[in-house]
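The file protein-v6.txt comes next; it holds compact mmCIF, C-alpha atoms and all ligand atoms.
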```txt
# COMPACT_ATOMS: atom_id res chain seq x y z
CA MET A 1 13.57 -24.89 10.51
CA SER A 2 12.67 -21.24 10.26
CA GLU A 3 11.24 -19.35 13.22
CA VAL A 4 7.48 -18.89 13.47
CA LYS A 5 6.31 -15.47 12.26
CA LYS A 6 3.25 -14.08 13.98
CA ILE A 7 0.76 -12.26 11.78
CA ALA A 8 -2.22 -10.29 13.13
CA VAL A 9 -5.10 -10.61 10.67
CA LEU A 10 -7.69 -7.82 10.61
CA GLY A 11 -10.28 -8.58 7.96
CA GLY A 12 -12.40 -5.51 8.63
CA ASP A 13 -15.58 -4.78 6.68
CA GLY A 14 -17.17 -5.31 3.29
CA ILE A 15 -14.95 -7.32 0.96
CA GLY A 16 -12.10 -7.13 3.52
CA PRO A 17 -12.67 -10.56 5.10
CA GLU A 18 -13.19 -12.30 1.74
CA VAL A 19 -10.00 -10.98 0.11
CA VAL A 20 -8.02 -11.65 3.30
CA GLY A 21 -9.37 -15.23 3.26
CA GLU A 22 -7.67 -15.79 -0.10
CA ALA A 23 -4.41 -14.28 1.20
CA LEU A 24 -4.49 -16.78 4.09
CA LYS A 25 -4.60 -19.63 1.55
CA VAL A 26 -1.43 -18.19 0.02
CA LEU A 27 0.27 -18.16 3.45
CA LYS A 28 -0.62 -21.82 3.91
CA LYS A 29 0.74 -22.75 0.51
CA THR A 30 3.95 -20.83 1.28
CA GLU A 31 4.43 -22.96 4.41
CA GLU A 32 4.04 -26.13 2.34
CA LEU A 33 6.37 -25.01 -0.45
CA PHE A 34 9.11 -23.18 1.43
CA GLY A 35 8.95 -24.49 5.00
CA TYR A 36 8.35 -21.05 6.53
CA LYS A 37 6.02 -21.06 9.55
CA PHE A 38 3.25 -18.58 10.24
CA GLU A 39 0.96 -18.18 13.21
CA THR A 40 -2.08 -16.12 12.32
CA GLU A 41 -4.60 -14.65 14.72
CA GLN A 42 -7.70 -12.71 13.70
CA ALA A 43 -9.04 -9.65 15.52
CA LEU A 44 -11.93 -7.24 15.19
CA PHE A 45 -11.25 -3.94 13.43
CA GLY A 46 -13.31 -1.20 11.79
CA GLY A 47 -17.08 -1.24 11.50
CA ILE A 48 -17.44 -4.77 12.77
CA ALA A 49 -15.48 -3.79 15.90
CA ILE A 50 -17.75 -0.77 16.37
CA ASP A 51 -20.77 -3.08 16.27
CA GLU A 52 -19.32 -5.62 18.69
CA LYS A 53 -17.01 -3.55 20.94
CA GLY A 54 -18.15 0.05 20.53
CA THR A 55 -14.84 1.23 19.04
CA PRO A 56 -13.13 0.77 15.64
CA LEU A 57 -9.78 -0.12 17.26
CA PRO A 58 -10.32 -2.21 20.42
CA GLN A 59 -7.37 -2.37 22.82
CA GLU A 60 -7.06 -6.15 22.38
CA THR A 61 -6.72 -5.68 18.61
CA LEU A 62 -3.95 -3.13 19.11
CA ASP A 63 -2.26 -5.41 21.67
CA LEU A 64 -2.35 -8.28 19.19
CA CYS A 65 -0.73 -6.08 16.52
CA LEU A 66 1.96 -4.94 18.95
CA ALA A 67 2.73 -8.57 19.81
CA SER A 68 2.98 -9.59 16.13
CA ASP A 69 5.72 -9.41 13.47
CA ALA A 70 3.33 -8.01 10.87
CA VAL A 71 -0.31 -7.06 10.32
CA LEU A 72 -2.44 -8.12 7.37
CA LEU A 73 -5.42 -5.84 6.94
CA GLY A 74 -8.42 -6.11 4.61
CA ALA A 75 -10.42 -2.89 4.42
CA VAL A 76 -12.82 -0.93 6.58
CA GLY A 77 -15.84 1.31 6.14
CA GLY A 78 -19.31 1.18 4.75
CA PRO A 79 -22.57 3.16 4.52
CA LYS A 80 -23.80 1.65 7.78
CA TRP A 81 -21.28 3.77 9.74
CA ASP A 82 -20.97 6.79 7.41
CA SER A 83 -23.12 9.08 9.55
CA ASN A 84 -21.46 8.10 12.84
CA PRO A 85 -19.43 10.71 14.75
CA ALA A 86 -15.66 10.60 13.97
CA ALA A 87 -14.73 8.45 16.98
CA LEU A 88 -17.18 5.80 15.83
CA ARG A 89 -16.14 5.71 12.19
CA PRO A 90 -14.20 2.71 10.86
CA GLU A 91 -11.69 4.97 9.05
CA THR A 92 -10.74 6.56 12.41
CA GLY A 93 -9.44 3.13 13.40
CA LEU A 94 -7.16 3.21 10.36
CA LEU A 95 -5.54 6.50 11.38
CA GLY A 96 -5.38 5.29 14.99
CA ILE A 97 -3.61 2.05 14.17
CA ARG A 98 -1.00 3.75 11.95
CA LYS A 99 -0.26 6.29 14.67
CA ALA A 100 -0.20 3.76 17.52
CA LEU A 101 2.18 1.50 15.59
CA GLY A 102 4.50 4.38 14.55
CA LEU A 103 4.11 3.67 10.83
CA PHE A 104 5.82 6.67 9.23
CA SER A 105 6.18 5.39 5.71
CA ASN A 106 3.74 4.22 3.11
CA ILE A 107 4.91 2.06 0.28
CA ARG A 108 2.91 1.52 -2.87
CA PRO A 109 4.19 -0.54 -5.76
CA ALA A 110 2.76 0.15 -9.20
CA THR A 111 3.40 -2.80 -11.46
CA VAL A 112 1.97 -2.97 -14.93
CA PHE A 113 1.15 -6.51 -15.99
CA ASP A 114 1.71 -6.84 -19.72
CA CYS A 115 -1.54 -8.69 -20.25
CA LEU A 116 -3.51 -5.92 -18.47
CA LYS A 117 -1.99 -2.98 -20.34
CA ASP A 118 -5.34 -2.31 -21.98
CA ALA A 119 -6.75 -1.51 -18.50
CA SER A 120 -4.68 1.70 -18.36
CA THR A 121 -5.48 5.02 -20.00
CA LEU A 122 -1.86 5.29 -21.22
CA LYS A 123 -0.50 3.82 -24.45
CA PRO A 124 0.85 0.26 -24.00
CA GLU A 125 4.25 1.19 -25.42
CA VAL A 126 4.67 3.93 -22.79
CA LEU A 127 3.80 1.50 -19.98
CA GLU A 128 6.04 -1.31 -21.23
CA GLY A 129 8.11 -2.63 -18.31
CA THR A 130 6.71 -0.26 -15.65
CA ASP A 131 7.42 -1.63 -12.17
CA LEU A 132 7.99 1.05 -9.56
CA ILE A 133 7.49 1.72 -5.86
CA VAL A 134 6.52 5.03 -4.30
CA VAL A 135 7.83 5.49 -0.74
CA ARG A 136 5.83 8.26 0.91
CA GLU A 137 6.60 9.91 4.26
CA LEU A 138 3.39 9.47 6.23
CA THR A 139 3.50 11.33 9.55
CA GLY A 140 5.15 14.71 8.88
CA GLY A 141 5.09 17.69 6.53
CA ILE A 142 2.24 20.04 5.76
CA TYR A 143 -0.50 17.56 6.74
CA PHE A 144 0.72 17.61 10.34
CA GLY A 145 2.13 21.16 10.66
CA GLU A 146 0.38 23.90 12.62
CA LYS A 147 -2.77 25.28 10.98
CA SER A 148 -4.50 28.58 11.68
CA ARG A 149 -6.90 31.22 10.40
CA ARG A 150 -7.00 34.96 10.95
CA ASP A 151 -8.97 37.95 9.75
CA THR A 152 -7.14 40.41 7.52
CA GLU A 153 -8.19 43.44 5.48
CA ASN A 154 -8.43 41.04 2.52
CA GLY A 155 -10.80 38.73 4.36
CA GLN A 156 -9.90 35.47 6.09
CA GLU A 157 -6.36 34.19 5.78
CA ALA A 158 -5.54 30.49 6.22
CA ILE A 159 -2.11 29.10 7.10
CA ASP A 160 -0.71 25.56 6.78
CA THR A 161 2.83 24.98 7.95
CA CYS A 162 5.23 22.48 6.42
CA VAL A 163 7.75 21.20 8.96
CA TYR A 164 10.36 18.46 8.67
CA ASN A 165 13.33 17.69 10.88
CA GLU A 166 16.43 15.76 9.85
CA LYS A 167 15.47 12.69 11.85
CA GLU A 168 12.10 12.41 10.10
CA VAL A 169 13.72 12.76 6.69
CA GLU A 170 16.62 10.44 7.39
CA ARG A 171 14.54 7.49 8.62
CA ILE A 172 12.32 7.42 5.52
CA VAL A 173 15.19 8.07 3.13
CA ARG A 174 17.21 5.19 4.64
CA GLN A 175 14.21 2.93 4.23
CA ALA A 176 13.94 3.91 0.57
CA PHE A 177 17.65 3.22 -0.01
CA ASP A 178 17.25 -0.17 1.71
CA ILE A 179 14.33 -1.00 -0.59
CA ALA A 180 16.30 0.18 -3.63
CA MET A 181 19.09 -2.22 -2.61
CA THR A 182 16.64 -5.14 -2.85
CA ARG A 183 15.54 -4.07 -6.35
CA SER A 184 17.40 -2.55 -9.28
CA LYS A 185 19.39 -0.10 -7.09
CA ARG A 186 17.91 3.06 -8.58
CA LEU A 187 16.36 5.75 -6.40
CA ALA A 188 14.61 8.97 -7.38
CA SER A 189 14.27 11.49 -4.56
CA VAL A 190 11.47 13.94 -5.30
CA ASP A 191 11.44 17.43 -3.81
CA LYS A 192 10.93 21.10 -4.63
CA ALA A 193 14.39 22.22 -3.56
CA ASN A 194 14.36 25.17 -5.97
CA VAL A 195 11.64 26.81 -3.82
CA LEU A 196 11.00 25.15 -0.44
CA GLU A 197 13.32 25.20 2.59
CA THR A 198 11.96 21.82 3.79
CA SER A 199 12.89 20.43 0.39
CA ARG A 200 16.42 21.87 0.64
CA LEU A 201 16.85 20.11 3.99
CA TRP A 202 15.36 16.96 2.44
CA ARG A 203 17.91 17.04 -0.37
CA GLU A 204 20.84 17.64 2.01
CA VAL A 205 19.83 14.60 4.05
CA VAL A 206 19.39 12.45 0.93
CA ILE A 207 22.89 13.39 -0.28
CA ARG A 208 24.39 12.62 3.13
CA VAL A 209 22.61 9.24 3.44
CA ALA A 210 23.54 8.35 -0.16
CA ALA A 211 27.18 8.10 0.91
CA ASP A 212 26.24 4.92 2.81
CA TYR A 213 24.73 3.41 -0.35
CA PRO A 214 27.39 3.84 -3.04
CA GLU A 215 25.80 1.12 -5.19
CA VAL A 216 22.50 2.98 -5.53
CA GLU A 217 22.14 5.26 -8.52
CA LEU A 218 20.48 8.39 -7.14
CA GLU A 219 18.54 11.00 -9.09
CA HIS A 220 16.96 14.17 -7.68
CA VAL A 221 13.71 15.10 -9.45
CA LEU A 222 11.63 18.21 -8.85
CA VAL A 223 8.05 17.25 -8.05
CA ASP A 224 6.44 19.03 -11.00
CA ASN A 225 8.88 17.39 -13.37
CA CYS A 226 8.27 14.02 -11.70
CA ALA A 227 4.52 14.36 -12.32
CA MET A 228 5.30 14.73 -16.03
CA GLN A 229 7.97 12.04 -16.23
CA LEU A 230 5.67 9.48 -14.58
CA LEU A 231 3.42 9.77 -17.60
CA ARG A 232 6.22 10.15 -20.13
CA ARG A 233 8.74 7.50 -19.03
CA PRO A 234 7.20 5.50 -16.15
CA ALA A 235 9.38 2.47 -16.80
CA SER A 236 12.54 4.47 -16.07
CA PHE A 237 11.61 4.78 -12.37
CA ASP A 238 12.31 2.09 -9.81
CA VAL A 239 12.03 3.46 -6.23
CA ILE A 240 10.67 6.99 -5.69
CA VAL A 241 10.98 8.56 -2.23
CA THR A 242 9.24 11.76 -1.29
CA GLU A 243 7.58 13.78 1.47
CA ASN A 244 3.97 13.41 2.60
CA MET A 245 1.93 15.64 0.28
CA PHE A 246 4.03 15.05 -2.84
CA GLY A 247 3.79 11.31 -2.11
CA ASP A 248 0.04 11.45 -1.65
CA ILE A 249 -0.40 12.95 -5.10
CA LEU A 250 2.32 11.03 -6.96
CA SER A 251 1.30 7.64 -5.52
CA ASP A 252 -2.24 8.13 -6.81
CA GLU A 253 -0.86 9.17 -10.19
CA ALA A 254 1.44 6.11 -10.25
CA ALA A 255 -1.45 3.84 -9.22
CA MET A 256 -3.44 4.92 -12.25
CA LEU A 257 -0.66 3.72 -14.56
CA THR A 258 -1.75 0.19 -13.71
CA GLY A 259 -5.41 0.87 -14.35
CA SER A 260 -7.07 -1.25 -11.67
CA ILE A 261 -7.50 -0.65 -7.96
CA GLY A 262 -8.17 -4.34 -7.30
CA MET A 263 -4.51 -5.07 -8.15
CA LEU A 264 -2.63 -2.63 -5.91
CA SER A 265 -0.86 -3.60 -2.69
CA SER A 266 0.62 -1.39 0.01
CA ALA A 267 2.81 -1.47 3.09
CA SER A 268 3.08 0.91 6.01
CA LEU A 269 6.35 0.68 7.90
CA GLY A 270 7.97 2.14 11.00
CA GLU A 271 11.39 1.61 12.57
CA GLY A 272 12.57 -1.96 12.24
CA SER A 273 11.01 -4.68 10.18
CA PHE A 274 7.43 -4.54 11.53
CA GLY A 275 4.86 -3.55 8.93
CA LEU A 276 1.17 -3.31 8.16
CA TYR A 277 0.11 -4.66 4.77
CA GLU A 278 -3.15 -3.95 3.01
CA PRO A 279 -4.70 -3.56 -0.42
CA VAL A 280 -4.99 0.06 -1.61
CA HIS A 281 -8.72 -0.35 -2.29
CA GLY A 282 -11.52 0.09 0.25
CA SER A 283 -14.30 -2.20 1.46
CA ALA A 284 -16.26 -2.02 -1.82
CA PRO A 285 -19.70 -2.22 -0.17
CA ASP A 286 -21.32 -2.33 -3.63
CA ILE A 287 -19.98 -5.84 -4.27
CA ALA A 288 -19.42 -7.13 -0.70
CA GLY A 289 -20.74 -10.62 0.04
CA GLN A 290 -21.15 -11.55 -3.62
CA GLY A 291 -17.87 -13.47 -3.91
CA ILE A 292 -16.78 -11.47 -6.96
CA SER A 293 -14.09 -9.18 -5.51
CA ASN A 294 -10.53 -9.32 -6.80
CA PRO A 295 -8.20 -10.77 -4.12
CA ILE A 296 -4.97 -9.97 -6.03
CA ALA A 297 -4.24 -6.66 -4.25
CA THR A 298 -4.34 -8.46 -0.89
CA ILE A 299 -2.37 -11.45 -2.16
CA LEU A 300 0.31 -9.10 -3.53
CA SER A 301 0.33 -7.37 -0.13
CA VAL A 302 1.43 -10.72 1.34
CA ALA A 303 4.28 -10.81 -1.20
CA LEU A 304 5.25 -7.30 -0.07
CA MET A 305 5.18 -8.49 3.57
CA PHE A 306 7.53 -11.33 2.65
CA ARG A 307 9.94 -8.94 0.97
CA LEU A 308 9.92 -6.02 3.39
CA THR A 309 9.27 -7.57 6.82
CA PHE A 310 10.48 -11.17 6.60
CA GLY A 311 13.07 -11.06 3.79
CA TYR A 312 11.44 -14.13 2.20
CA HIS A 313 12.24 -13.02 -1.33
CA ASP A 314 11.91 -16.54 -2.77
CA ALA A 315 8.33 -16.87 -1.53
CA ALA A 316 7.46 -13.32 -2.59
CA GLN A 317 8.72 -14.06 -6.08
CA SER A 318 6.67 -17.25 -6.15
CA ILE A 319 3.48 -15.31 -5.38
CA GLU A 320 4.22 -12.56 -7.90
CA ASP A 321 5.06 -15.10 -10.60
CA ALA A 322 1.87 -17.05 -9.82
CA VAL A 323 -0.28 -13.92 -10.17
CA LYS A 324 1.36 -13.16 -13.49
CA ALA A 325 0.93 -16.73 -14.73
CA VAL A 326 -2.77 -16.78 -13.82
CA LEU A 327 -3.36 -13.44 -15.57
CA ASP A 328 -1.32 -14.52 -18.59
CA ALA A 329 -3.51 -17.62 -18.81
CA GLY A 330 -6.46 -15.27 -19.24
CA HIS A 331 -8.20 -15.62 -15.87
CA ARG A 332 -9.91 -12.43 -14.69
CA THR A 333 -12.15 -11.26 -11.89
CA GLY A 334 -14.99 -8.97 -12.96
CA ASP A 335 -13.13 -5.69 -12.29
CA ILE A 336 -10.36 -6.53 -14.79
CA ALA A 337 -12.33 -8.65 -17.27
CA VAL A 338 -13.20 -7.30 -20.70
CA ASP A 339 -15.75 -10.09 -21.14
CA LYS A 340 -17.57 -10.04 -17.77
CA SER A 341 -19.46 -13.24 -18.52
CA SER A 342 -16.27 -15.29 -18.31
CA ALA A 343 -15.04 -13.70 -15.06
CA VAL A 344 -14.06 -15.91 -12.14
CA GLY A 345 -15.02 -15.27 -8.50
CA THR A 346 -12.89 -14.40 -5.46
CA ASN A 347 -12.43 -18.00 -4.33
CA ALA A 348 -11.60 -19.31 -7.77
CA MET A 349 -9.00 -16.58 -8.34
CA GLY A 350 -7.39 -17.36 -4.97
CA ASP A 351 -7.32 -21.08 -5.77
CA LEU A 352 -5.81 -20.48 -9.21
CA ILE A 353 -2.99 -18.39 -7.73
CA VAL A 354 -2.31 -20.93 -4.98
CA ALA A 355 -2.19 -23.72 -7.58
CA ALA A 356 0.24 -21.70 -9.73
CA MET A 357 2.72 -21.09 -6.88
CA LYS A 358 5.99 -22.95 -7.36
CA LYS A 359 9.16 -23.26 -5.36
P1 LIG B 1 -13.46 1.22 -2.84
O1 LIG B 1 -12.02 1.04 -3.15
O2 LIG B 1 -14.01 0.41 -1.74
O3 LIG B 1 -14.31 0.93 -4.15
C1 LIG B 1 -14.20 1.70 -5.35
C2 LIG B 1 -14.72 0.89 -6.53
O4 LIG B 1 -13.77 -0.12 -6.85
C3 LIG B 1 -16.04 0.17 -6.26
O5 LIG B 1 -16.81 0.13 -7.41
C4 LIG B 1 -15.61 -1.24 -5.88
O6 LIG B 1 -16.56 -2.22 -6.16
C5 LIG B 1 -14.35 -1.41 -6.73
N1 LIG B 1 -13.37 -2.27 -6.05
C6 LIG B 1 -12.59 -1.95 -5.01
N2 LIG B 1 -11.84 -2.99 -4.64
C7 LIG B 1 -12.16 -4.00 -5.46
C8 LIG B 1 -11.73 -5.35 -5.58
N3 LIG B 1 -10.80 -5.88 -4.76
N4 LIG B 1 -12.30 -6.12 -6.54
C9 LIG B 1 -13.20 -5.62 -7.38
N5 LIG B 1 -13.65 -4.36 -7.31
C10 LIG B 1 -13.14 -3.55 -6.38
O7 LIG B 1 -13.66 2.78 -2.54
P2 LIG B 1 -14.99 3.55 -2.07
O8 LIG B 1 -16.18 2.98 -2.73
O9 LIG B 1 -14.67 4.97 -2.25
O10 LIG B 1 -15.08 3.30 -0.51
C11 LIG B 1 -15.89 2.28 0.11
C12 LIG B 1 -15.60 2.28 1.59
O11 LIG B 1 -14.23 1.89 1.81
C13 LIG B 1 -15.75 3.64 2.26
O12 LIG B 1 -16.35 3.45 3.51
C14 LIG B 1 -14.32 4.15 2.40
O13 LIG B 1 -14.16 5.03 3.46
C15 LIG B 1 -13.60 2.85 2.65
N6 LIG B 1 -12.16 2.88 2.30
C16 LIG B 1 -11.33 2.18 3.11
C17 LIG B 1 -10.01 2.08 2.82
C18 LIG B 1 -9.17 1.23 3.69
O14 LIG B 1 -9.69 0.41 4.45
N7 LIG B 1 -7.86 1.35 3.63
C19 LIG B 1 -9.41 2.76 1.66
C20 LIG B 1 -10.39 3.42 0.83
C21 LIG B 1 -11.72 3.49 1.16
MG MG B 2 -4.59 10.30 -1.68
```

Transcribe the structure of this file into structure tokens.
Ligand code: NAI
Ligand code: MG
Amino acid sequence: MSEVKKIAVLGGDGIGPEVVGEALKVLKKTEELFGYKFETEQALFGGIAIDEKGTPLPQETLDLCLASDAVLLGAVGGPKWDSNPAALRPETGLLGIRKALGLFSNIRPATVFDCLKDASTLKPEVLEGTDLIVVRELTGGIYFGEKSRRDTENGQEAIDTCVYNEKEVERIVRQAFDIAMTRSKRLASVDKANVLETSRLWREVVIRVAADYPEVELEHVLVDNCAMQLLRRPASFDVIVTENMFGDILSDEAAMLTGSIGMLSSASLGEGSFGLYEPVHGSAPDIAGQGISNPIATILSVALMFRLTFGYHDAAQSIEDAVKAVLDAGHRTGDIAVDKSSAVGTNAMGDLIVAAMKK
């Protein structure tokens, strides 16, 4: 008997609740197949929480997350709340929850499914075998450093400061090495050590931490070169670790290799195994409530939760294999279908994946 894992479920707005509903079916099937036990509890978050509780992140929602082993999140936002002041915007809840839960790293896999290679703007032969993860530092660097403005004889001058300390670098780098150990044991650390002092510190820490992971093949790549290599030889990367701004840009670039936002999962992690898992896409208000959204990004986020928080690699593999099998069999939601008339809906896609899961 395995212990019961508690999962806080925050559906959010728009297509959030519908894609999360399909992910819950996958959890149930995992219990049946593998004997793992999950206790799920839903809570209000985002626009719906603003409407019912007057805040995007109610205290009871945060308390539930803090008392859970992991959080599964749908998406938040929508035109209804777009003109609200910042404190009453759904997206403010997103920043608040990451901060309150100490989630300092953001992990985005970019996997190219062979049968969807035509969805990318790159040539299929370049994409062949691409399956990488970008690990981005999320709470430090130039986005959080001191900012200022001053008047000079050349007009206004603006200053952003990039600050990193060893502790901040070490915790994310260790996480990336740990992830590399669960995959093909290759890690690319991306920096700009030829120019930036923060990057030189970054590289020193990476080299020091690497001594604890002798099995991992480490490569240092300058960020400008990495931007090129991602387009030239994407399949040669496995785990990429980098600081906040570089990771922001490179993870978007890597995401586009796969061609479809409805397919991309993500994890945000802190110290320890706790994590928040969500699709990369937003609440898609344009298609919300129509039952046509693609639930695969959220379902793959559950697989990521199994790998990174629970260590249930067998169940994660089962989900990933099921997604691949369903796509290989030609089933598509509207966003990834060439022939839209044959597209299946959200529910049907969820059911197909659940049916394809095997022990
Ligand atoms: P979006 O990702 O919601 O939608 C962009 C386009 O992709 C739309 O045409 C949408 O229909 C389509 N799309 C997205 N996910 C899909 C799926 N699973 N299946 C099929 N089609 C899908 O981004 P957009 O339109 O810029 O933002 C909409 C709202 O979502 C905004 O309020 C924004 O602030 C919020 N947002 C929330 C995020 C989050 O909760 N983490 C992330 C990004 C945006
Ligand atoms: Mg970005």

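The interatomic distance for the pair atom CA of Leu73 of chain A and atom CA of Glu39 of chain A works out to 15.2 Å.
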
Check every protein, DNA and RNA residue against ligand LIG 1 (chain B), keep those with an atom at most 6 Å away (counting only C-alpha atoms and all ligand atoms), and present them as an MDAnalysis selection string. chainID A and resid 75:78 261:262 281:287 293:295 335

Each residue of chain A with at least one atom at most 10 Å from ligand MG 2 (chain B) should appear once, together with its nearest atom pair and the corresponding distance in Å (one decimal); atoms considered: all atoms listed in the file; ordering: chain, then increasing residue number; output as JSON lines.
```
{"residue": "A:Met245", "atom": "CA", "partner": "B:MG2", "partner_atom": "MG", "distance": 8.7}
{"residue": "A:Phe246", "atom": "CA", "partner": "B:MG2", "partner_atom": "MG", "distance": 9.9}
{"residue": "A:Gly247", "atom": "CA", "partner": "B:MG2", "partner_atom": "MG", "distance": 8.5}
{"residue": "A:Asp248", "atom": "CA", "partner": "B:MG2", "partner_atom": "MG", "distance": 4.8}
{"residue": "A:Ile249", "atom": "CA", "partner": "B:MG2", "partner_atom": "MG", "distance": 6.0}
{"residue": "A:Leu250", "atom": "CA", "partner": "B:MG2", "partner_atom": "MG", "distance": 8.7}
{"residue": "A:Ser251", "atom": "CA", "partner": "B:MG2", "partner_atom": "MG", "distance": 7.5}
{"residue": "A:Asp252", "atom": "CA", "partner": "B:MG2", "partner_atom": "MG", "distance": 6.0}
{"residue": "A:Glu253", "atom": "CA", "partner": "B:MG2", "partner_atom": "MG", "distance": 9.4}
```

Using C-alpha atoms, can you write the selected residues to a file as a PDB file, keeping the file's coordinate frame?
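Below is the file that was written, result_33.pdb:
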```pdb
ATOM      1  CA  MET A 245       1.930  15.640   0.280  1.00  0.00           C
ATOM      2  CA  PHE A 246       4.030  15.050  -2.840  1.00  0.00           C
ATOM      3  CA  GLY A 247       3.790  11.310  -2.110  1.00  0.00           C
ATOM      4  CA  ASP A 248       0.040  11.450  -1.650  1.00  0.00           C
ATOM      5  CA  ILE A 249      -0.400  12.950  -5.100  1.00  0.00           C
ATOM      6  CA  LEU A 250       2.320  11.030  -6.960  1.00  0.00           C
ATOM      7  CA  SER A 251       1.300   7.640  -5.520  1.00  0.00           C
ATOM      8  CA  ASP A 252      -2.240   8.130  -6.810  1.00  0.00           C
ATOM      9  CA  GLU A 253      -0.860   9.170 -10.190  1.00  0.00           C
TER      10      GLU A 253
END
```

One decimal, Å: what's the distance from atom CA of Cys115 of chain A over to atom CA of Asp314 of chain A, could you say? 23.4 Å

Work out how far apart atom CA of Ala337 of chain A and atom CA of Thr258 of chain A are and give it in Å to one decimal. 14.2 Å

Using only C-alpha atoms, which residues sit within 12 Å of Lys147 of chain A once same-chain residues fewer than 6 positions away are excluded, as JSON, numbers by chain? {"A": [141, 157, 158, 159, 160, 161, 162, 163]}

List the neighbours of Gly270 of chain A out to 9 Å using only C-alpha atoms; skip same-chain residues closer than 5 positions along the sequence, and give me the result as an NGL selection string. :A and (101-105 or 171-172 or 275)

For Asn347 of chain A: contacts at 9 Å, all atoms listed in the file, fewer than 5 positions along chain excluded, given as a PDB file with C-alpha atoms, keeping the file's coordinate frame:
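Result went into around_28.pdb, see below:
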```
ATOM      1  CA  GLU A  18     -13.190 -12.300   1.740  1.00  0.00           C
ATOM      2  CA  VAL A  19     -10.000 -10.980   0.110  1.00  0.00           C
ATOM      3  CA  GLY A  21      -9.370 -15.230   3.260  1.00  0.00           C
ATOM      4  CA  GLU A  22      -7.670 -15.790  -0.100  1.00  0.00           C
ATOM      5  CA  GLY A 291     -17.870 -13.470  -3.910  1.00  0.00           C
ATOM      6  CA  ILE A 292     -16.780 -11.470  -6.960  1.00  0.00           C
ATOM      7  CA  PRO A 295      -8.200 -10.770  -4.120  1.00  0.00           C
ATOM      8  CA  LEU A 352      -5.810 -20.480  -9.210  1.00  0.00           C
TER       9      LEU A 352
END
```

Pick the closest to Leu64 of chain A from A:Gln42, A:Ser83, A:Ser265, A:Thr139: which is it, counting all atoms listed in the file?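 Result for the nearest residue to Leu64 of chain A: A:Gln42.
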
Please list as a list in words every residue within 7 Å of segment 201-212 of chain A, counting only C-alpha atoms and excluding residues in the same chain fewer than 2 positions away.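 Listing them by chain and then by number gives Glu166, Val169, Glu170, Val173, Arg174, Glu197, Thr198, Ser199 and Pro214 of chain A.
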
Of the candidates A:Phe113, A:Gln290, A:Ala86, A:Ala325, which shows the shortest atom-to-atom distance to Gly129 of chain A, using only C-alpha atoms?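 Between A:Phe113, A:Gln290, A:Ala86, A:Ala325, the residue approaching Gly129 of chain A most closely is A:Phe113.
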
Near Ala176 of chain A, within 12 Å and counting only C-alpha atoms, which residues show up once chain neighbours fewer than 2 positions away are dropped, as a ChimeraX atom specification? /A:105-108,133-137,169-174,178-183,185-190,206,209-210,213,216,218,238-243,269,308

For each of A:Lys80, A:Asp351, A:Val338, A:Ala43, take the minimum atom-to-atom distance to Lys25 of chain A, counting all atoms listed in the file, then give the residue where this is smallest.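 With all atoms listed in the file as the atom set, the closest residue is A:Asp351.
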